[in-house]
>>> print(open('target.txt').read())   # compact mmCIF, C-alpha atoms
# COMPACT_ATOMS: atom_id res chain seq x y z
CA MET A 1 0.00 0.00 0.00
CA THR A 2 1.40 3.42 -0.93
CA GLU A 3 1.58 6.33 1.49
CA LEU A 4 -1.20 8.05 -0.43
CA GLU A 5 -3.48 5.02 -0.24
CA ARG A 6 -2.81 4.79 3.50
CA LEU A 7 -3.70 8.46 3.91
CA ILE A 8 -6.94 7.95 1.98
CA GLN A 9 -7.77 4.85 3.98
CA LEU A 10 -7.24 6.67 7.28
CA LEU A 11 -9.19 9.74 6.19
CA ALA A 12 -12.08 7.47 5.16
CA LYS A 13 -12.37 6.36 8.79
CA LEU A 14 -13.27 9.88 9.92
CA PRO A 15 -16.94 10.55 10.71
CA GLY A 16 -18.83 11.82 7.66
CA LEU A 17 -16.14 10.76 5.18
CA GLY A 18 -16.36 7.79 2.84
CA PRO A 19 -13.69 6.51 0.43
CA ARG A 20 -14.72 8.98 -2.30
CA SER A 21 -14.66 12.08 -0.07
CA ALA A 22 -11.44 10.80 1.57
CA ARG A 23 -9.77 10.73 -1.87
CA ARG A 24 -10.95 14.28 -2.49
CA ALA A 25 -9.67 15.43 0.92
CA ALA A 26 -6.30 13.72 0.35
CA LEU A 27 -5.84 15.41 -3.04
CA HIS A 28 -6.85 18.73 -1.53
CA LEU A 29 -4.27 18.33 1.24
CA ILE A 30 -1.51 17.40 -1.17
CA ASP A 31 -2.34 20.33 -3.47
CA ARG A 32 -1.99 22.64 -0.45
CA ARG A 33 1.00 20.96 1.11
CA GLU A 34 2.50 24.01 2.85
CA GLN A 35 -0.71 25.83 3.76
CA LEU A 36 -2.68 22.81 4.94
CA LEU A 37 -0.98 19.42 4.96
CA ARG A 38 2.07 20.28 7.07
CA PRO A 39 0.16 22.41 9.64
CA LEU A 40 -2.46 19.66 9.88
CA ALA A 41 0.18 16.96 10.37
CA SER A 42 1.86 18.97 13.09
CA ALA A 43 -1.49 19.76 14.78
CA LEU A 44 -2.38 16.07 14.71
CA THR A 45 0.96 15.08 16.24
CA GLU A 46 0.62 17.71 18.92
CA ALA A 47 -2.97 16.68 19.72
CA ALA A 48 -1.99 13.01 19.89
CA GLU A 49 0.79 13.82 22.34
CA ARG A 50 -0.76 16.51 24.48
CA VAL A 51 -4.58 16.30 24.53
CA LYS A 52 -5.91 14.31 27.47
CA ALA A 53 -9.02 14.09 29.61
CA CYS A 54 -9.17 16.52 32.55
CA SER A 55 -8.90 14.56 35.79
CA ALA A 56 -11.53 16.80 37.42
CA CYS A 57 -14.27 17.15 34.80
CA GLY A 58 -13.41 14.80 31.91
CA ASN A 59 -13.13 17.62 29.35
CA LEU A 60 -10.42 17.31 26.67
CA ASP A 61 -7.55 19.76 26.90
CA THR A 62 -3.78 19.93 26.76
CA ARG A 63 -3.74 20.98 30.42
CA ASP A 64 -4.82 19.06 33.50
CA PRO A 65 -6.93 20.52 35.08
CA CYS A 66 -8.46 21.86 31.86
CA GLY A 67 -8.88 25.53 30.98
CA ILE A 68 -12.44 25.61 32.32
CA CYS A 69 -11.60 23.96 35.65
CA ALA A 70 -8.53 26.18 36.09
CA ASP A 71 -10.35 29.42 35.24
CA PRO A 72 -10.75 31.42 38.50
CA GLU A 73 -13.48 33.54 36.89
CA ARG A 74 -15.75 30.51 36.66
CA ASP A 75 -18.43 29.89 39.28
CA GLY A 76 -17.24 26.88 41.23
CA THR A 77 -20.56 26.43 43.02
CA ALA A 78 -22.46 25.32 39.88
CA ILE A 79 -21.64 22.10 38.03
CA CYS A 80 -23.30 21.23 34.74
CA VAL A 81 -23.36 17.47 34.07
CA VAL A 82 -23.23 16.45 30.40
CA GLU A 83 -23.12 13.12 28.57
CA ASP A 84 -19.99 13.77 26.53
CA VAL A 85 -17.49 16.41 25.48
CA ARG A 86 -19.56 17.39 22.43
CA ASP A 87 -22.36 18.52 24.74
CA LEU A 88 -19.88 20.54 26.81
CA TRP A 89 -18.66 22.26 23.65
CA ALA A 90 -22.25 22.97 22.57
CA LEU A 91 -23.00 24.65 25.91
CA GLU A 92 -19.73 26.59 25.75
CA ARG A 93 -20.65 27.80 22.24
CA ALA A 94 -23.88 29.18 23.67
CA GLY A 95 -21.81 31.08 26.26
CA ALA A 96 -24.72 31.12 28.71
CA PHE A 97 -23.14 29.09 31.50
CA ARG A 98 -20.22 30.36 33.56
CA GLY A 99 -19.91 27.49 36.00
CA ARG A 100 -17.95 24.25 35.69
CA TYR A 101 -18.77 20.99 33.91
CA HIS A 102 -18.66 17.27 34.55
CA VAL A 103 -18.53 14.88 31.59
CA LEU A 104 -20.10 11.49 32.37
CA GLY A 105 -18.77 9.71 29.30
CA GLY A 106 -22.09 8.33 28.00
CA THR A 107 -25.44 7.12 29.25
CA LEU A 108 -26.67 4.03 31.05
CA SER A 109 -27.63 1.39 28.52
CA ALA A 110 -28.70 -2.14 29.38
CA LEU A 111 -28.53 -3.30 25.76
CA ASP A 112 -25.01 -1.99 25.27
CA GLY A 113 -23.94 -3.30 28.69
CA ARG A 114 -23.06 0.16 30.03
CA GLY A 115 -23.72 0.32 33.77
CA PRO A 116 -23.09 3.07 36.36
CA GLU A 117 -19.55 1.80 36.95
CA SER A 118 -18.57 2.61 33.36
CA LEU A 119 -19.63 6.27 33.74
CA ARG A 120 -17.93 8.96 35.84
CA ILE A 121 -20.77 9.11 38.37
CA GLY A 122 -18.75 8.19 41.47
CA GLU A 123 -16.27 10.94 40.61
CA LEU A 124 -19.16 13.42 40.29
CA VAL A 125 -20.56 12.55 43.73
CA GLU A 126 -17.09 12.89 45.25
CA ARG A 127 -16.54 16.18 43.47
CA VAL A 128 -19.86 17.66 44.63
CA ARG A 129 -19.07 16.58 48.20
CA ALA A 130 -15.51 17.90 48.09
CA THR A 131 -16.32 21.27 46.50
CA GLY A 132 -19.62 21.76 48.30
CA ALA A 133 -21.27 22.72 44.99
CA ALA A 134 -24.59 24.49 45.59
CA GLU A 135 -26.23 23.53 42.28
CA VAL A 136 -25.86 20.62 39.88
CA ILE A 137 -27.48 21.07 36.46
CA LEU A 138 -28.36 17.76 34.78
CA ALA A 139 -27.97 18.62 31.10
CA MET A 140 -28.55 15.19 29.60
CA ASN A 141 -30.26 14.63 26.27
CA ALA A 142 -34.08 14.47 26.26
CA THR A 143 -34.01 10.80 25.30
CA VAL A 144 -35.03 7.73 27.28
CA GLU A 145 -31.35 6.87 27.94
CA GLY A 146 -30.43 10.47 28.79
CA GLN A 147 -33.28 10.92 31.25
CA THR A 148 -32.75 7.51 32.85
CA THR A 149 -29.14 8.51 33.46
CA ALA A 150 -30.30 11.89 34.83
CA HIS A 151 -32.67 10.18 37.30
CA TYR A 152 -29.91 7.82 38.39
CA VAL A 153 -27.41 10.66 38.87
CA ALA A 154 -30.06 12.65 40.80
CA GLU A 155 -30.62 9.66 43.08
CA ARG A 156 -26.89 9.35 43.75
CA LEU A 157 -26.52 13.10 44.37
CA GLU A 158 -29.51 13.42 46.68
CA PRO A 159 -27.52 12.79 49.90
CA THR A 160 -25.08 15.60 49.04
CA GLY A 161 -27.83 18.18 49.55
CA ALA A 162 -26.92 20.09 46.36
CA LYS A 163 -29.80 21.73 44.49
CA LEU A 164 -30.53 19.58 41.42
CA THR A 165 -31.90 21.26 38.29
CA ARG A 166 -32.28 20.21 34.67
CA LEU A 167 -32.62 21.89 31.29
CA ALA A 168 -36.07 23.06 30.18
CA GLN A 169 -37.79 21.46 27.20
CA GLY A 170 -39.90 23.38 24.70
CA VAL A 171 -40.09 25.36 21.47
CA PRO A 172 -36.64 25.92 19.92
CA LEU A 173 -35.76 29.49 18.91
CA GLY A 174 -36.81 29.99 15.30
CA GLY A 175 -38.94 26.85 15.49
CA GLU A 176 -42.38 26.64 13.94
CA LEU A 177 -45.10 24.97 15.99
CA ASP A 178 -46.35 23.13 12.93
CA TYR A 179 -43.07 21.22 12.66
CA LEU A 180 -42.75 20.31 16.35
CA ASP A 181 -43.48 16.81 17.56
CA ASP A 182 -46.30 16.22 20.04
CA GLY A 183 -43.94 15.52 22.94
CA THR A 184 -42.08 18.83 22.57
CA LEU A 185 -45.36 20.75 22.27
CA LYS A 186 -46.74 19.10 25.40
CA ALA A 187 -43.51 19.85 27.31
CA ALA A 188 -43.63 23.46 26.09
CA LEU A 189 -47.21 23.88 27.26
CA ARG A 190 -46.43 22.33 30.63
CA ALA A 191 -43.47 24.68 31.09
CA ARG A 192 -45.35 27.84 29.96
CA ARG A 193 -44.64 31.05 31.88
CA PRO A 194 -46.37 34.39 32.37
CA ALA A 195 -46.13 36.69 29.34
CA GLY A 196 -44.85 40.24 29.79
CA MET B 1 -39.17 -5.66 -0.46
CA GLU B 2 -41.33 -3.11 1.29
CA TRP B 3 -43.85 -2.93 4.08
CA SER B 4 -45.60 -0.23 6.02
CA ALA B 5 -47.05 -0.73 9.49
CA GLU B 6 -47.66 0.86 12.85
CA ALA B 7 -44.75 0.14 15.14
CA ILE B 8 -43.48 0.71 18.68
CA VAL B 9 -39.90 1.95 18.95
CA LEU B 10 -37.85 -0.45 21.09
CA SER B 11 -34.29 0.75 20.65
CA LEU B 12 -32.14 3.27 18.82
CA ARG B 13 -28.44 2.56 18.34
CA LYS B 14 -26.38 5.38 16.88
CA HIS B 15 -24.84 4.63 13.52
CA GLY B 16 -22.51 7.33 12.23
CA GLU B 17 -23.38 11.00 12.59
CA ASN B 18 -26.93 11.20 11.34
CA ALA B 19 -28.50 7.77 11.57
CA VAL B 20 -29.52 5.04 13.97
CA VAL B 21 -30.27 1.36 13.69
CA ALA B 22 -33.81 1.31 15.06
CA GLY B 23 -35.41 -1.72 16.66
CA LEU B 24 -39.16 -1.69 16.10
CA PHE B 25 -42.01 -3.92 17.22
CA THR B 26 -44.85 -4.27 14.73
CA ARG B 27 -48.06 -6.25 14.84
CA GLU B 28 -47.53 -7.86 11.41
CA HIS B 29 -43.75 -8.29 11.26
CA GLY B 30 -42.81 -8.71 14.93
CA ARG B 31 -39.52 -7.30 16.06
CA HIS B 32 -37.80 -5.70 13.09
CA ALA B 33 -34.67 -3.58 12.73
CA GLY B 34 -33.84 -1.01 10.09
CA TYR B 35 -31.57 1.92 9.26
CA LEU B 36 -33.20 5.23 10.13
CA ARG B 37 -31.83 8.62 9.13
CA ALA B 38 -32.40 11.82 11.12
CA ARG B 39 -34.71 14.39 9.61
CA PRO B 40 -32.94 17.72 10.16
CA ALA B 41 -35.71 19.64 8.37
CA LYS B 42 -38.25 18.41 10.88
CA GLY B 43 -36.43 18.95 14.15
CA GLY B 44 -33.52 16.56 13.66
CA GLY B 45 -34.32 13.99 16.32
CA TRP B 46 -35.45 10.42 16.26
CA PRO B 47 -38.65 9.13 17.81
CA LEU B 48 -38.33 8.25 21.49
CA VAL B 49 -38.27 4.64 22.68
CA GLY B 50 -41.83 3.60 23.54
CA ASN B 51 -43.47 5.92 21.03
CA ARG B 52 -45.71 4.69 18.26
CA VAL B 53 -44.73 5.44 14.66
CA ARG B 54 -45.98 4.68 11.15
CA ALA B 55 -42.94 2.85 9.81
CA THR B 56 -42.06 2.04 6.23
CA TRP B 57 -39.27 -0.46 5.62
CA ARG B 58 -37.57 -0.94 2.27
CA ALA B 59 -34.77 -3.29 1.22
CA ARG B 60 -33.67 -5.01 -1.98
CA LEU B 61 -33.60 -8.43 -0.34
CA SER B 62 -35.54 -9.58 2.70
CA GLU B 63 -32.36 -10.51 4.58
CA HIS B 64 -30.98 -6.96 4.29
CA LEU B 65 -31.15 -4.57 7.24
CA GLY B 66 -33.15 -2.17 5.06
CA HIS B 67 -33.97 1.52 5.35
CA LEU B 68 -36.75 2.84 7.55
CA THR B 69 -38.84 5.96 7.59
CA ALA B 70 -40.85 6.66 10.71
CA GLU B 71 -43.69 9.16 11.06
CA PRO B 72 -44.58 9.81 14.71
CA LEU B 73 -48.07 8.78 15.80
CA GLY B 74 -48.50 10.72 19.03
CA ASP B 75 -46.25 10.88 22.05
CA ARG B 76 -46.20 8.66 25.10
CA ALA B 77 -42.58 8.53 26.10
CA GLY B 78 -42.56 12.27 26.75
CA GLU B 79 -45.19 11.70 29.45
CA ILE B 80 -42.97 9.11 31.12
CA LEU B 81 -39.53 10.77 30.98
CA ASP B 82 -40.00 12.74 34.20
CA ASP B 83 -40.94 9.75 36.35
CA PRO B 84 -37.95 7.51 37.17
CA LEU B 85 -40.12 4.53 38.08
CA ARG B 86 -42.28 4.51 34.95
CA LEU B 87 -39.18 5.25 32.86
CA ALA B 88 -37.48 2.19 34.37
CA VAL B 89 -40.52 0.09 33.43
CA LEU B 90 -40.51 1.47 29.87
CA ARG B 91 -36.83 0.65 29.49
CA THR B 92 -37.30 -2.81 30.98
CA LEU B 93 -40.22 -3.57 28.69
CA ALA B 94 -38.29 -2.41 25.61
CA ALA B 95 -35.13 -4.26 26.64
CA LEU B 96 -36.99 -7.51 27.41
CA THR B 97 -38.82 -7.37 24.07
CA GLU B 98 -35.49 -6.87 22.30
CA LEU B 99 -33.75 -9.60 24.30
CA CYS B 100 -36.47 -12.25 24.27
CA LEU B 101 -38.38 -12.03 20.99
CA PRO B 102 -36.88 -13.53 17.85
CA GLU B 103 -36.61 -11.10 14.95
CA ARG B 104 -39.25 -10.94 12.22
CA GLU B 105 -41.72 -13.27 13.91
CA ALA B 106 -45.22 -11.83 14.35
CA HIS B 107 -46.66 -11.75 17.87
CA PRO B 108 -49.86 -9.72 17.41
CA ALA B 109 -51.27 -10.45 20.87
CA LEU B 110 -48.05 -9.33 22.55
CA PHE B 111 -47.93 -6.23 20.35
CA ASP B 112 -51.45 -5.28 21.48
CA ALA B 113 -50.58 -5.98 25.12
CA THR B 114 -47.41 -3.87 24.81
CA ASP B 115 -49.43 -1.01 23.37
CA VAL B 116 -51.93 -1.23 26.24
CA VAL B 117 -49.20 -1.27 28.92
CA LEU B 118 -47.38 1.68 27.35
CA ASP B 119 -50.64 3.64 27.21
CA ALA B 120 -51.29 2.83 30.88
CA LEU B 121 -47.75 3.99 31.73
CA ALA B 122 -48.22 7.24 29.81
CA ARG B 123 -51.55 7.92 31.54
CA ASP B 124 -50.03 6.93 34.90
CA ALA B 125 -53.02 4.63 35.35
CA ALA B 126 -53.42 3.33 38.89
CA ASP B 127 -52.98 -0.30 37.85
CA TRP B 128 -49.96 0.00 35.55
CA PRO B 129 -47.68 -2.08 37.84
CA GLN B 130 -50.13 -4.98 37.65
CA ALA B 131 -50.58 -4.46 33.90
CA TYR B 132 -46.81 -4.61 33.46
CA ILE B 133 -46.47 -7.85 35.43
CA ARG B 134 -49.31 -9.38 33.36
CA TRP B 135 -47.41 -8.27 30.26
CA GLU B 136 -44.36 -10.27 31.44
CA LEU B 137 -46.64 -13.29 31.92
CA GLY B 138 -47.91 -12.72 28.38
CA LEU B 139 -44.33 -12.53 27.09
CA LEU B 140 -43.58 -15.90 28.70
CA ALA B 141 -46.72 -17.37 27.10
CA GLU B 142 -45.81 -16.00 23.65
CA LEU B 143 -42.39 -17.61 23.93
CA GLY B 144 -43.93 -20.96 24.78
CA TYR B 145 -43.19 -20.85 28.50
CA GLY B 146 -46.62 -19.79 29.72
CA LEU B 147 -47.52 -20.48 33.35
CA ASP B 148 -50.64 -22.51 34.03
CA LEU B 149 -52.43 -20.59 36.76
CA SER B 150 -55.90 -22.06 36.09
CA HIS B 151 -55.86 -24.89 38.62
CA CYS B 152 -53.73 -26.59 41.27
CA ALA B 153 -51.09 -28.92 39.78
CA SER B 154 -51.43 -31.23 42.74
CA THR B 155 -55.13 -31.36 43.67
CA GLY B 156 -56.81 -29.88 40.60
CA ALA B 157 -58.52 -27.27 42.81
CA THR B 158 -59.41 -24.03 41.08
CA GLU B 159 -59.81 -21.95 44.24
CA ASP B 160 -57.34 -20.55 46.77
CA LEU B 161 -54.33 -20.75 44.44
CA THR B 162 -51.48 -19.15 46.32
CA HIS B 163 -48.21 -20.52 44.93
CA VAL B 164 -46.49 -21.63 41.72
CA SER B 165 -44.14 -24.54 41.25
CA PRO B 166 -40.73 -23.31 40.02
CA ARG B 167 -40.26 -26.61 38.20
CA SER B 168 -43.52 -26.92 36.27
CA GLY B 169 -44.76 -23.31 36.24
CA ARG B 170 -48.19 -24.52 37.43
CA ALA B 171 -50.29 -23.08 40.23
CA VAL B 172 -50.50 -24.78 43.63
CA SER B 173 -53.36 -24.31 46.10
CA ALA B 174 -52.75 -23.12 49.66
CA ALA B 175 -53.47 -26.56 51.13
CA ALA B 176 -51.15 -28.42 48.73
CA ALA B 177 -48.45 -25.76 49.08
CA GLU B 178 -48.28 -25.96 52.87
CA PRO B 179 -45.42 -28.54 53.17
CA TYR B 180 -43.29 -26.90 50.42
CA LEU B 181 -43.61 -23.20 51.18
CA ASP B 182 -39.84 -22.65 51.12
CA LYS B 183 -39.53 -24.20 47.66
CA LEU B 184 -42.53 -22.59 45.93
CA LEU B 185 -42.95 -19.14 44.42
CA ARG B 186 -45.74 -16.97 45.77
CA LEU B 187 -48.65 -16.28 43.42
CA PRO B 188 -50.03 -12.80 44.07
CA ALA B 189 -53.82 -12.54 44.24
CA PHE B 190 -54.08 -10.19 41.25
CA LEU B 191 -52.48 -12.79 38.94
CA ALA B 192 -54.74 -15.62 40.09
CA ALA B 193 -57.76 -13.83 38.59
CA GLY B 194 -60.33 -14.39 41.29
CA ARG B 195 -59.19 -17.90 42.10
CA GLY B 196 -56.32 -16.86 44.32
CA GLY B 197 -55.79 -16.59 48.01
CA PRO B 198 -56.22 -13.35 49.93
CA ALA B 199 -54.35 -10.27 48.71
CA ALA B 200 -51.37 -9.27 50.81
CA ASN B 201 -51.98 -6.55 53.37
CA ASP B 202 -49.31 -4.48 51.70
CA PRO B 203 -50.01 -4.16 47.93
CA ALA B 204 -46.28 -3.69 47.33
CA GLU B 205 -45.71 -7.23 48.63
CA ASP B 206 -48.02 -8.58 45.91
CA LEU B 207 -46.19 -6.56 43.27
CA LYS B 208 -42.83 -7.81 44.53
CA ALA B 209 -44.13 -11.40 44.47
CA GLY B 210 -45.44 -10.89 40.91
CA LEU B 211 -42.10 -9.52 39.71
CA ALA B 212 -40.22 -12.32 41.48
CA LEU B 213 -42.49 -14.90 39.83
CA THR B 214 -42.19 -13.64 36.25
CA GLY B 215 -38.53 -12.71 36.74
CA PHE B 216 -37.71 -16.24 37.87
CA PHE B 217 -39.21 -17.86 34.77
CA LEU B 218 -37.93 -15.21 32.34
CA GLU B 219 -34.41 -15.65 33.62
CA ARG B 220 -34.40 -19.44 33.98
CA ARG B 221 -36.30 -20.37 30.85
CA VAL B 222 -35.66 -17.58 28.38
CA LEU B 223 -32.52 -15.62 29.19
CA LEU B 224 -30.02 -17.94 30.90
CA PRO B 225 -30.03 -20.51 28.06
CA HIS B 226 -28.78 -17.66 25.85
CA ASN B 227 -26.28 -16.50 28.47
CA GLN B 228 -28.33 -13.36 29.11
CA ARG B 229 -29.51 -11.78 32.34
CA LEU B 230 -32.53 -9.68 33.24
CA PRO B 231 -31.91 -6.01 32.41
CA PRO B 232 -30.43 -4.06 35.39
CA ASP B 233 -33.47 -1.74 35.46
CA ARG B 234 -35.66 -4.81 36.01
CA ASP B 235 -33.57 -5.88 39.00
CA ARG B 236 -34.30 -2.62 40.78
CA LEU B 237 -38.01 -2.45 39.87
CA ALA B 238 -39.31 -4.35 42.90
CA GLU B 239 -37.37 -2.16 45.29
CA ARG B 240 -38.50 1.02 43.51
CA LEU B 241 -42.14 -0.11 43.37
CA ALA B 242 -42.08 -0.79 47.09
CA ARG B 243 -40.62 2.65 47.73
CA ALA B 244 -43.20 4.34 45.48
CA ASN B 245 -45.93 2.43 47.22
CA GLU B 246 -44.96 4.00 50.53
CA ASN B 247 -45.94 7.37 49.06
CA THR B 248 -48.88 6.37 46.89
CA VAL B 249 -51.08 3.44 47.82
CA ARG B 250 -52.06 1.82 44.56
CA THR B 251 -55.27 -0.16 44.32
CA ILE B 252 -55.22 -3.67 42.91
>>> encode(input="target.txt", output="structure tokens")
Amino acid sequence: MTELERLIQLLAKLPGLGPRSARRAALHLIDRREQLLRPLASALTEAAERVKACSACGNLDTRDPCGICADPERDGTAICVVEDVRDLWALERAGAFRGRYHVLGGTLSALDGRGPESLRIGELVERVRATGAAEVILAMNATVEGQTTAHYVAERLEPTGAKLTRLAQGVPLGGELDYLDDGTLKAALRARRPAG
Amino acid sequence: MEWSAEAIVLSLRKHGENAVVAGLFTREHGRHAGYLRARPAKGGGWPLVGNRVRATWRARLSEHLGHLTAEPLGDRAGEILDDPLRLAVLRTLAALTELCLPEREAHPALFDATDVVLDALARDAADWPQAYIRWELGLLAELGYGLDLSHCASTGATEDLTHVSPRSGRAVSAAAAEPYLDKLLRLPAFLAAGRGGPAANDPAEDLKAGLALTGFFLERRVLLPHNQRLPPDRDRLAERLARANENTVRTI
């Protein structure tokens, strides 16, 4: 196998890329060797060597503790619990939360054989106890697995005395009622609030 | 190959960025899997486990996984998500259906029973715990391991049935059960359909006995031969039901 074939084969393993798009990406990289290929290769090497999971929250960063955990400006009394790092990044993009995070590393799933011991729930309970966090926000997905995990985490956190909250469910910004599913509409109506 | 049918969503396993392999339960085609893409234009998500959908399955050959489309037919799971106990029952029911039923084998009676139990869960009907335990009995019967609770295996009596033999799965009357109480499984009054002994003073005890009874036979006869165990949510159901019963006394 040539180096080029190997590159194409590896690129094809990336999410969203198949063999055809991997070939296109490989050619694009080679055409832009100095501007793209070399910087990408060096970024990949650096990421492989330096990026690791934060020992406190599970976020990915080159530092341990990560930038969020080490930031003194962040509110240490609020911890937002998310399923994985992608959810943490989504909340950070929104810029609406200035507390700290805790990444569980997935959801409970009987069919996939994922029990509480394979998630970072014990670490969360310890962390809440140790830091005396006042509020824990359970920001799991609004799916059966996500909510089951949220209930389980809530049960485990109950003895810590921290205030447990969760994300609201309802009409997305820019959403049209006509396109919403029945469940979201019902949740939105249940969570209605005074106008004005 | 193509079919279209109403289906209950049993499982969703992520496949790549924008798709899942969905496990469905249909009246006509039994448990059936298929590849389901997200619909970003219509909100992006997939139907929730437990919800009813109008599913269309297409494949070139019948043995292919095939592609699915799923139009939601109302929402039930959304009504259950906030209640940890009912959510645990929904997950257990879906997991047991996935674990126990062979693929692509029609079980219309079990499909109807599943639909009824899920509706009862969504409405938070007073008798949903009993309905769920009866569903597990129905599952055993569909798989060919039905319990015979119509008369006593020993005396033939049809009244005062209080226990079940773990070996034969047949009911035993109170009188015949007396010498073997430590070996027999308790038959709760609500499962004996008017022919049973007195209901327990604490309704939670009857529910626990019902779960222990069906759990015993599901594990021994259906799951263990395939090196499977009862889902973890199922293990904690009895304890959770008892705890819930302390707050809300449910009528049988």
>>> residues_near_point(input="target.txt", point="(-31.2, 21.0, 27.8)", cutoff="9 Å", atoms="only C-alpha atoms", output="list of chain:residue names")
A:Leu138, A:Ala139, A:Met140, A:Asn141, A:Ala142, A:Arg166, A:Leu167, A:Ala168, A:Gln169
>>> closest_atom_pairs(input="target.txt", of="chain A", to="chain B", cutoff="7 Å", atoms="all atoms listed in the file", output="JSON lines")
{"residue": "A:Pro15", "atom": "CA", "partner": "B:Gly16", "partner_atom": "CA", "distance": 6.6}
{"residue": "A:Gly16", "atom": "CA", "partner": "B:Glu17", "partner_atom": "CA", "distance": 6.8}
{"residue": "A:Ala110", "atom": "CA", "partner": "B:Pro231", "partner_atom": "CA", "distance": 5.9}
{"residue": "A:Leu111", "atom": "CA", "partner": "B:Ala95", "partner_atom": "CA", "distance": 6.7}
{"residue": "A:Thr143", "atom": "CA", "partner": "B:Leu48", "partner_atom": "CA", "distance": 6.3}
{"residue": "A:Val144", "atom": "CA", "partner": "B:Val49", "partner_atom": "CA", "distance": 6.4}
{"residue": "A:Gln147", "atom": "CA", "partner": "B:Leu81", "partner_atom": "CA", "distance": 6.3}
{"residue": "A:Thr148", "atom": "CA", "partner": "B:Pro84", "partner_atom": "CA", "distance": 6.8}
{"residue": "A:His151", "atom": "CA", "partner": "B:Pro84", "partner_atom": "CA", "distance": 5.9}
{"residue": "A:Tyr179", "atom": "CA", "partner": "B:Lys42", "partner_atom": "CA", "distance": 5.9}
{"residue": "A:Leu180", "atom": "CA", "partner": "B:Gly43", "partner_atom": "CA", "distance": 6.8}
{"residue": "A:Asp182", "atom": "CA", "partner": "B:Asp75", "partner_atom": "CA", "distance": 5.7}
{"residue": "A:Gly183", "atom": "CA", "partner": "B:Gly78", "partner_atom": "CA", "distance": 5.2}
>>> atom_distance(input="target.txt", atom1="atom CA of Val136 of chain A", atom2="atom CA of Gly175 of chain A")
28.4 Å
>>> closest_residue(input="target.txt", among="B:Ile8, B:Tyr180, B:His163, B:Val89", to="Asp124 of chain B", atoms="all atoms listed in the file")
B:Val89
>>> atom_distance(input="target.txt", atom1="atom CA of Pro65 of chain A", atom2="atom CA of Ser109 of chain A")
28.9 Å
>>> atom_distance(input="target.txt", atom1="atom CA of Gly210 of chain B", atom2="atom CA of Leu191 of chain B")
7.6 Å
>>> residues_around(input="target.txt", residues="segment 56-66 of chain B", least_positions_apart="5", cutoff="7 Å", atoms="all atoms listed in the file", output="ChimeraX atom specification")
/B:1-5,33-35
>>> residues_around(input="target.txt", residues="segment 137-143 of chain B", least_positions_apart="2", cutoff="7 Å", atoms="all atoms listed in the file", output="PyMOL selection string")
chain B and resi 110+133-135+145-146+214+218
>>> closest_residue(input="target.txt", among="B:Gly215, B:Phe190, B:Thr158, B:Arg240", to="Glu155 of chain A", atoms="only C-alpha atoms")
B:Arg240
>>> residues_around(input="target.txt", residues="Asn227 of chain B", least_positions_apart="6", cutoff="12 Å", atoms="all atoms listed in the file", output="VMD selection string")
chain B and resid 99 to 100 219 to 221
>>> write_last_selection(input="target.txt", atoms="C-alpha atoms", output="compact mmCIF listing (two decimals), keeping the file's coordinate frame")
# COMPACT_ATOMS: atom_id res chain seq x y z
CA LEU B 99 -33.75 -9.60 24.30
CA CYS B 100 -36.47 -12.25 24.27
CA GLU B 219 -34.41 -15.65 33.62
CA ARG B 220 -34.40 -19.44 33.98
CA ARG B 221 -36.30 -20.37 30.85
>>> closest_residue(input="target.txt", among="B:Gly30, B:Leu10, B:Glu71, B:Ala192", to="Leu118 of chain B", atoms="all atoms listed in the file")
B:Leu10
>>> residues_near_point(input="target.txt", point="(-24.8, 4.7, 38.6)", cutoff="12 Å", atoms="only C-alpha atoms", output="JSON, numbers by chain")
{"A": [104, 106, 107, 108, 109, 114, 115, 116, 117, 118, 119, 120, 121, 122, 123, 124, 125, 148, 149, 150, 151, 152, 153, 154, 155, 156, 157], "B": [232, 233]}
>>> residues_around(input="target.txt", residues="Glu105 of chain B", least_positions_apart="6", cutoff="12 Å", atoms="all atoms listed in the file", output="PyMOL selection string")
chain B and resi 25-32+111+142-143
>>> closest_residue(input="target.txt", among="B:Ala171, B:Leu101, B:Thr155, B:Glu136", to="Ala113 of chain B", atoms="only C-alpha atoms")
B:Glu136
>>> closest_residue(input="target.txt", among="A:Ser55, A:Lys13, A:Leu7, A:Leu44", to="Leu29 of chain A", atoms="all atoms listed in the file")
A:Leu7
>>> axis_aligned_box(input="target.txt", around="segment 158-174 of chain A", padding_each_side="4 Å", output="lines of an AutoDock Vina configuration file")
center_x = -32.6
center_y = 21.4
center_z = 32.6
size_x = 23.0
size_y = 25.2
size_z = 42.6
